[in-house]
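*Asks:* The structure file start_5.cif (mmCIF, C-alpha atoms) is provided below.
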data_input
loop_
_atom_site.label_atom_id
_atom_site.label_comp_id
_atom_site.auth_asym_id
_atom_site.auth_seq_id
_atom_site.Cartn_x
_atom_site.Cartn_y
_atom_site.Cartn_z
CA MET A 39 20.11 -14.63 -18.17
CA ALA A 40 21.80 -13.31 -15.05
CA SER A 41 18.74 -12.90 -12.90
CA PRO A 42 17.12 -16.38 -13.23
CA THR A 43 20.49 -17.88 -12.34
CA ALA A 44 20.65 -15.65 -9.28
CA ILE A 45 17.16 -16.74 -8.21
CA ASP A 46 18.02 -20.40 -8.69
CA ALA A 47 21.19 -19.94 -6.63
CA ASP A 48 19.06 -18.46 -3.82
CA ASP A 49 16.66 -21.39 -4.10
CA ALA A 50 19.51 -23.88 -3.98
CA ALA A 51 20.91 -22.24 -0.85
CA LEU A 52 17.49 -22.22 0.76
CA VAL A 53 16.89 -25.88 -0.05
CA ALA A 54 20.30 -26.73 1.38
CA ARG A 55 19.25 -25.06 4.65
CA LEU A 56 15.96 -26.99 4.63
CA ARG A 57 17.83 -30.24 4.11
CA ALA A 58 20.03 -29.35 7.06
CA GLY A 59 16.87 -28.93 9.20
CA ASP A 60 17.21 -25.18 9.70
CA ASP A 61 13.96 -24.05 11.43
CA ALA A 62 14.29 -20.45 10.27
CA ALA A 63 14.49 -21.63 6.65
CA TYR A 64 11.29 -23.65 7.09
CA GLU A 65 9.50 -20.66 8.53
CA HIS A 66 10.76 -18.46 5.72
CA VAL A 67 9.52 -20.84 3.01
CA VAL A 68 6.10 -21.41 4.57
CA ARG A 69 5.62 -17.69 5.13
CA ALA A 70 6.76 -16.77 1.64
CA TYR A 71 4.64 -19.27 -0.27
CA SER A 72 1.55 -20.20 1.76
CA GLY A 73 -0.60 -17.28 0.55
CA ARG A 74 0.15 -18.01 -3.06
CA LEU A 75 -0.36 -21.77 -2.73
CA LEU A 76 -3.62 -21.15 -0.91
CA ALA A 77 -4.85 -19.15 -3.91
CA VAL A 78 -4.01 -22.16 -6.12
CA THR A 79 -5.75 -24.80 -3.98
CA ARG A 80 -8.76 -22.54 -3.43
CA ARG A 81 -9.26 -22.32 -7.17
CA ILE A 82 -9.18 -26.08 -7.57
CA LEU A 83 -11.26 -26.98 -4.53
CA GLY A 84 -13.59 -24.02 -4.15
CA THR A 85 -13.81 -24.38 -0.36
CA GLU A 86 -11.62 -22.69 2.21
CA GLU A 87 -11.17 -25.58 4.62
CA ASP A 88 -10.15 -28.10 1.97
CA ALA A 89 -7.89 -25.50 0.37
CA ARG A 90 -6.05 -24.96 3.67
CA ASP A 91 -5.72 -28.69 4.31
CA SER A 92 -4.23 -29.11 0.85
CA VAL A 93 -1.66 -26.37 1.38
CA GLN A 94 -0.59 -28.12 4.58
CA ASP A 95 -0.43 -31.48 2.76
CA ALA A 96 1.58 -29.85 -0.01
CA PHE A 97 4.21 -28.39 2.32
CA LEU A 98 4.56 -31.61 4.29
CA ASN A 99 4.91 -33.61 1.06
CA ALA A 100 7.47 -31.15 -0.24
CA PHE A 101 9.50 -31.26 2.98
CA LYS A 102 9.52 -35.06 2.86
CA SER A 103 10.77 -35.09 -0.72
CA LEU A 104 13.42 -32.37 -0.58
CA ASP A 105 15.85 -34.94 -1.99
CA ARG A 106 13.90 -34.90 -5.20
CA PHE A 107 14.19 -31.14 -5.64
CA GLU A 108 16.55 -30.59 -8.54
CA GLY A 109 19.00 -27.74 -8.40
CA ASN A 110 18.03 -26.34 -11.77
CA ALA A 111 14.33 -26.00 -10.88
CA LYS A 112 12.66 -23.01 -9.28
CA LEU A 113 11.39 -23.63 -5.77
CA SER A 114 8.18 -21.68 -6.49
CA THR A 115 7.37 -23.83 -9.55
CA TRP A 116 8.13 -27.03 -7.68
CA LEU A 117 5.92 -26.09 -4.71
CA HIS A 118 3.18 -24.90 -7.04
CA ARG A 119 3.08 -28.27 -8.81
CA ILE A 120 2.99 -30.16 -5.51
CA ALA A 121 0.09 -27.95 -4.32
CA VAL A 122 -1.89 -28.63 -7.50
CA ASN A 123 -1.41 -32.36 -6.97
CA ALA A 124 -2.40 -32.17 -3.30
CA ALA A 125 -5.57 -30.29 -4.19
CA LEU A 126 -6.51 -32.78 -6.91
CA MET A 127 -5.89 -35.65 -4.50
CA LYS A 128 -8.19 -33.99 -1.98
CA LEU A 129 -10.81 -33.47 -4.65
CA ARG A 130 -10.78 -37.17 -5.52
CA ARG A 131 -11.09 -38.19 -1.88
CA ARG A 132 -13.79 -35.67 -1.11
CA LYS A 133 -17.23 -37.11 -0.77
CA ARG A 134 -18.86 -36.65 -4.11
CA LYS A 135 -21.67 -34.16 -3.98
CA PRO A 136 -24.26 -34.49 -6.71
CA GLU A 137 -22.98 -31.99 -9.21
CA GLN A 138 -24.99 -29.09 -10.48
CA SER A 139 -25.83 -29.56 -14.16
CA ILE A 140 -23.95 -27.28 -16.53
CA GLU A 141 -26.59 -27.43 -19.27
CA ALA A 142 -28.40 -24.29 -18.12
CA MET A 143 -25.14 -22.32 -18.45
CA LEU A 144 -24.54 -23.39 -22.06
CA PRO A 145 -25.93 -21.56 -25.10
CA SER A 146 -29.22 -22.84 -26.46
CA PHE A 147 -30.27 -22.94 -30.07
CA LEU A 148 -33.44 -22.68 -32.10
CA ASP A 149 -34.50 -25.53 -34.40
CA ASP A 150 -32.92 -23.75 -37.37
CA GLY A 151 -29.51 -23.75 -35.61
CA HIS A 152 -29.45 -20.06 -34.64
CA HIS A 153 -28.61 -18.91 -31.14
CA GLU A 154 -31.68 -18.33 -28.99
CA GLU A 155 -30.03 -15.41 -27.26
CA ARG A 156 -28.96 -12.08 -28.75
CA PHE A 157 -25.62 -11.34 -27.15
CA ALA A 158 -25.37 -7.78 -25.88
CA SER A 159 -21.81 -6.54 -26.25
CA TRP A 160 -19.40 -6.15 -23.36
CA ASP A 161 -18.49 -2.53 -23.74
CA GLU A 162 -15.39 -2.36 -21.66
CA PRO A 163 -12.37 -4.46 -22.69
CA VAL A 164 -11.74 -7.11 -19.99
CA ASP A 165 -8.17 -6.07 -19.28
CA LYS A 166 -9.51 -2.60 -18.48
CA ALA A 167 -12.35 -3.95 -16.31
CA LEU A 168 -9.96 -6.25 -14.48
CA GLU A 169 -7.77 -3.39 -13.36
CA ARG A 170 -10.37 -3.08 -10.59
CA ALA A 171 -9.88 -5.41 -7.63
CA GLU A 172 -13.62 -5.94 -7.18
CA THR A 173 -14.00 -7.13 -10.78
CA ARG A 174 -11.13 -9.61 -10.31
CA GLU A 175 -12.91 -10.84 -7.20
CA ILE A 176 -16.18 -11.33 -9.13
CA VAL A 177 -14.38 -13.38 -11.78
CA ARG A 178 -12.73 -15.59 -9.14
CA LYS A 179 -16.10 -16.11 -7.44
CA LYS A 180 -17.74 -17.07 -10.72
CA ILE A 181 -14.98 -19.61 -11.43
CA GLU A 182 -15.68 -21.10 -8.00
CA GLU A 183 -19.36 -21.43 -8.93
CA LEU A 184 -18.59 -23.80 -11.81
CA PRO A 185 -19.31 -27.48 -11.06
CA ASP A 186 -16.16 -29.29 -9.80
CA SER A 187 -15.46 -31.35 -12.90
CA TYR A 188 -15.61 -28.27 -15.13
CA ARG A 189 -13.85 -25.87 -12.79
CA THR A 190 -10.84 -28.17 -12.39
CA VAL A 191 -10.20 -28.53 -16.10
CA LEU A 192 -10.59 -24.78 -16.66
CA VAL A 193 -8.19 -24.01 -13.83
CA LEU A 194 -5.55 -26.49 -15.01
CA ARG A 195 -5.71 -25.46 -18.66
CA ASP A 196 -6.50 -21.74 -18.73
CA ILE A 197 -5.02 -20.61 -15.43
CA GLU A 198 -2.24 -23.03 -14.52
CA GLY A 199 -1.35 -23.24 -18.21
CA LEU A 200 -1.06 -27.03 -18.54
CA ASP A 201 -1.54 -28.54 -21.99
CA THR A 202 -4.47 -30.84 -22.79
CA GLU A 203 -2.45 -34.05 -22.33
CA GLU A 204 -1.08 -33.05 -18.92
CA ALA A 205 -4.41 -31.78 -17.61
CA ALA A 206 -6.26 -34.87 -18.86
CA LYS A 207 -3.72 -37.14 -17.18
CA MET A 208 -3.98 -35.33 -13.84
CA LEU A 209 -7.76 -35.56 -13.96
CA GLY A 210 -7.91 -39.16 -15.17
CA LEU A 211 -9.71 -38.20 -18.39
CA SER A 212 -9.07 -38.90 -22.04
CA PRO A 213 -7.63 -35.86 -23.85
CA ASN A 214 -10.81 -35.59 -25.88
CA ALA A 215 -13.04 -35.61 -22.80
CA ALA A 216 -10.83 -32.92 -21.25
CA LYS A 217 -11.20 -30.78 -24.37
CA ILE A 218 -14.98 -31.07 -24.37
CA ARG A 219 -15.15 -30.19 -20.69
CA LEU A 220 -12.87 -27.20 -21.10
CA HIS A 221 -15.02 -25.84 -23.90
CA ARG A 222 -18.18 -26.22 -21.80
CA ALA A 223 -16.51 -24.69 -18.76
CA ARG A 224 -15.48 -21.63 -20.76
CA GLN A 225 -18.97 -21.28 -22.20
CA ALA A 226 -20.53 -21.60 -18.75
CA LEU A 227 -18.12 -19.04 -17.30
CA ARG A 228 -19.01 -16.65 -20.13
CA THR A 229 -22.67 -17.00 -19.17
CA LEU A 230 -21.89 -16.30 -15.51
CA LEU A 231 -19.68 -13.30 -16.30
CA SER A 232 -21.93 -11.75 -18.91
CA PRO A 233 -24.25 -9.77 -16.60
CA HIS A 234 -21.19 -8.15 -15.00
CA PHE A 235 -19.51 -7.11 -18.23
CA ARG A 236 -22.53 -6.14 -20.25
CA SER A 237 -22.98 -2.59 -21.39
CA LYS A 238 -24.58 -0.53 -18.64
CA ALA A 239 -26.75 1.10 -21.29
CA SER A 240 -28.53 -2.09 -22.34
CA MET B 255 -22.24 -23.63 -41.15
CA LYS B 256 -24.92 -22.81 -38.57
CA CYS B 257 -24.46 -20.90 -35.31
CA ARG B 258 -24.77 -24.19 -33.43
CA GLU B 259 -21.77 -25.69 -35.28
CA LEU B 260 -19.80 -22.52 -34.94
CA ALA B 261 -20.21 -22.69 -31.18
CA GLU B 262 -18.89 -26.27 -31.25
CA PHE B 263 -15.80 -25.35 -33.27
CA LEU B 264 -15.03 -22.24 -31.22
CA MET B 265 -12.32 -23.79 -29.07
CA ASP B 266 -10.42 -25.27 -32.00
CA TYR B 267 -10.75 -21.98 -33.84
CA VAL B 268 -9.36 -19.98 -30.92
CA SER B 269 -6.42 -22.37 -30.43
CA GLY B 270 -5.68 -22.43 -34.17
CA ASP B 271 -6.47 -26.16 -34.44
CA LEU B 272 -9.36 -25.91 -36.87
CA PRO B 273 -8.49 -27.52 -40.24
CA GLU B 274 -8.26 -25.08 -43.12
CA GLU B 275 -11.53 -25.93 -44.83
CA ALA B 276 -13.58 -25.75 -41.64
CA ARG B 277 -11.79 -22.54 -40.78
CA ALA B 278 -12.88 -20.97 -44.06
CA HIS B 279 -16.52 -21.94 -43.38
CA PHE B 280 -16.19 -20.65 -39.84
CA GLU B 281 -14.89 -17.28 -40.97
CA MET B 282 -17.48 -17.02 -43.72
CA HIS B 283 -20.25 -17.46 -41.15
CA LEU B 284 -18.56 -15.07 -38.77
CA SER B 285 -18.38 -12.30 -41.38
CA ARG B 286 -22.15 -12.49 -41.83
CA CYS B 287 -23.38 -13.22 -38.31
CA HIS B 288 -22.99 -10.41 -35.83
CA ASN B 289 -24.32 -12.52 -32.98
CA CYS B 290 -21.68 -15.25 -33.44
CA HIS B 291 -19.01 -12.60 -33.81
CA GLU B 292 -20.08 -11.19 -30.46
CA TYR B 293 -20.12 -14.66 -28.92
CA LEU B 294 -16.58 -15.38 -30.13
CA GLU B 295 -15.34 -12.12 -28.63
CA GLN B 296 -16.94 -12.87 -25.29
CA TYR B 297 -15.56 -16.42 -25.31
CA GLU B 298 -12.04 -15.04 -25.82
CA SER B 299 -12.61 -12.34 -23.22
CA THR B 300 -13.71 -14.99 -20.72
CA ILE B 301 -10.43 -16.90 -21.10
CA LYS B 302 -8.49 -13.69 -20.66
CA ALA B 303 -10.56 -12.61 -17.63
CA GLY B 304 -9.84 -15.89 -15.84
CA LYS B 305 -6.11 -15.55 -16.42
CA ILE B 306 -5.94 -11.95 -15.22
CA ALA B 307 -8.20 -12.48 -12.19
CA CYS B 308 -6.15 -15.46 -11.02
CA ASP B 309 -2.72 -13.97 -11.62
CA ASP B 310 -1.38 -14.50 -8.11
CA ASP B 311 1.06 -11.60 -8.21
CA HIS B 312 -1.94 -9.45 -8.97
CA ALA B 313 -4.38 -11.17 -6.63
CA LEU B 314 -2.91 -11.56 -3.18
CA PRO B 315 0.36 -9.77 -2.67
CA GLY B 316 1.76 -10.40 0.79
CA ASP B 317 -1.39 -11.98 2.18
CA VAL B 318 0.05 -14.42 4.73
CA PRO B 319 -2.46 -16.67 6.53
CA GLU B 320 -0.73 -16.59 9.94
CA ASP B 321 -2.75 -19.38 11.58
CA LEU B 322 -2.05 -21.68 8.63
CA VAL B 323 1.67 -20.87 8.74
CA LYS B 324 1.72 -21.85 12.43
CA ALA B 325 -0.25 -25.05 11.84
CA ILE B 326 2.11 -26.14 9.07
CA LEU B 327 5.26 -25.43 11.07
CA GLU B 328 3.85 -27.37 14.04
CA ALA B 329 2.75 -30.30 11.85
CA ARG B 330 6.27 -30.52 10.46
CA LYS B 331 7.68 -31.11 13.93
CA ARG B 332 5.32 -34.01 14.59
#
Before we go any further, please render this structure as structure tokens.

*Replies:*
Amino acid sequence: MASPTAIDADDAALVARLRAGDDAAYEHVVRAYSGRLLAVTRRILGTEEDARDSVQDAFLNAFKSLDRFEGNAKLSTWLHRIAVNAALMKLRRRKRKPEQSIEAMLPSFLDDGHHEERFASWDEPVDKALERAETREIVRKKIEELPDSYRTVLVLRDIEGLDTEEAAKMLGLSPNAAKIRLHRARQALRTLLSPHFRSKAS
Amino acid sequence: MKCRELAEFLMDYVSGDLPEEARAHFEMHLSRCHNCHEYLEQYESTIKAGKIACDDDHALPGDVPEDLVKAILEARKR
């Protein structure tokens, strides 16, 4: 229990310096967290420019609401949540592009209810394959290829770790609609990843 | 239960939300259908792959976008 308390004490001291308008503290916070927050907004938005704008929005929002930062919270968690919200806000405001259909990425079935495809096994366990940086990069790219409305729910649920209710609320969906979309997003991502994980022998 | 239904119930099965009776049917099908077994494994692997690939401590250690840092600090002063 000692170390989280120590971290929170550091956060509290840092926030106190921010509240006092200490420029060095602002620079420290922006430098320490911008890379990480950029990774978060990139995942939600899928485009670099929007992702950067959202990180900027997130920091400015956070700095304006320092009064609302509670002493028992972690600064990283608080900033992370603000960045997710900023990215979702951007996504809603963004001009809606006609979305690519997800149907082609879902499994198809024969009339008798069997899968059309025979699934060739992925020989290497994913945790092993993902020890390689290039494989992690492929997975991130494939997530970005998912249509917006599917990518966002997958990111909030499977990566940010929100529960169905929270994710649905943030996306303005019913919990049931969010569940259906998550399932489709996972199935589509499986289809996109499959050629990269399939046994080299097949 | 057909492969088509199994694919629909996959998410509830993985999260442990499938009611007992449906779960029994699901597992019965799974024990006899290699293709669905494979599909389930890949579905679970996909979830895991996303988590690992996007683990930020893993992904971008110390990658500071300098121009963005500058832009944010300047915007704050405005």

*Asks:* With a cut-off of 6 Å and counting only C-alpha atoms, select all residues of chain A in contact with chain B and give the selection as a PDB file with C-alpha atoms, in the frame of the given file.

*Replies:*
ATOM      1  CA  GLY A  73      -0.600 -17.280   0.550  1.00  0.00           C
ATOM      2  CA  GLN A  94      -0.590 -28.120   4.580  1.00  0.00           C
ATOM      3  CA  GLY A 151     -29.510 -23.750 -35.610  1.00  0.00           C
ATOM      4  CA  HIS A 152     -29.450 -20.060 -34.640  1.00  0.00           C
ATOM      5  CA  ARG A 174     -11.130  -9.610 -10.310  1.00  0.00           C
ATOM      6  CA  ILE A 197      -5.020 -20.610 -15.430  1.00  0.00           C
ATOM      7  CA  ARG A 228     -19.010 -16.650 -20.130  1.00  0.00           C
TER       8      ARG A 228
END

*Asks:* Determine the residue membership of the PyMOL selection byres ((chain A and resi 181) around 12) for the file above and supply it as a PyMOL selection string.

*Replies:* (chain A and resi 80-84+174-180+182-193+196-197+223-231) or (chain B and resi 300-301+303-305+307-308)

*Asks:* How far is it from atom CA of Pro213 of chain A to atom CA of Pro136 of chain A, in Å with one decimal?

*Replies:*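 One can read the atom CA of Pro213 of chain A to atom CA of Pro136 of chain A distance as 23.9 Å.
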
*Asks:* With all atoms of segment 275-285 of chain B from the file as input, state the centre and edge lengths in Å to one decimal of the axis-aligned box that has 3 Å extra on each side, as AutoDock Vina command-line options.

*Replies:*
--center_x -15.9 --center_y -19.1 --center_z -41.8 --size_x 14.7 --size_y 19.6 --size_z 12.1

*Asks:* My list of candidates is A:His234, A:Val93, A:Thr115, A:Asn123. Which is closest to Asp161 of chain A when distances are computed with only C-alpha atoms?

*Replies:*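 Smallest distance to Asp161 of chain A is found for A:His234.
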
*Asks:* Give as a PyMOL selection string every residue, naming chains and numbers as the document does, that has an atom within 9 Å of (4.0, -30.6, -1.2), counting only C-alpha atoms.

*Replies:* chain A and resi 92-103+116-124

*Asks:* Rounded to one decimal, what separation in Å do you get between atom CA of Phe280 of chain B and atom CA of Arg195 of chain A?

*Replies:*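 Pair atom CA of Phe280 of chain B / atom CA of Arg195 of chain A returns 24.1 Å.
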
*Asks:* Can you measure atom CA of Ala158 of chain A to atom CA of His221 of chain A for me? One decimal in Å is fine.

*Replies:* 20.9 Å
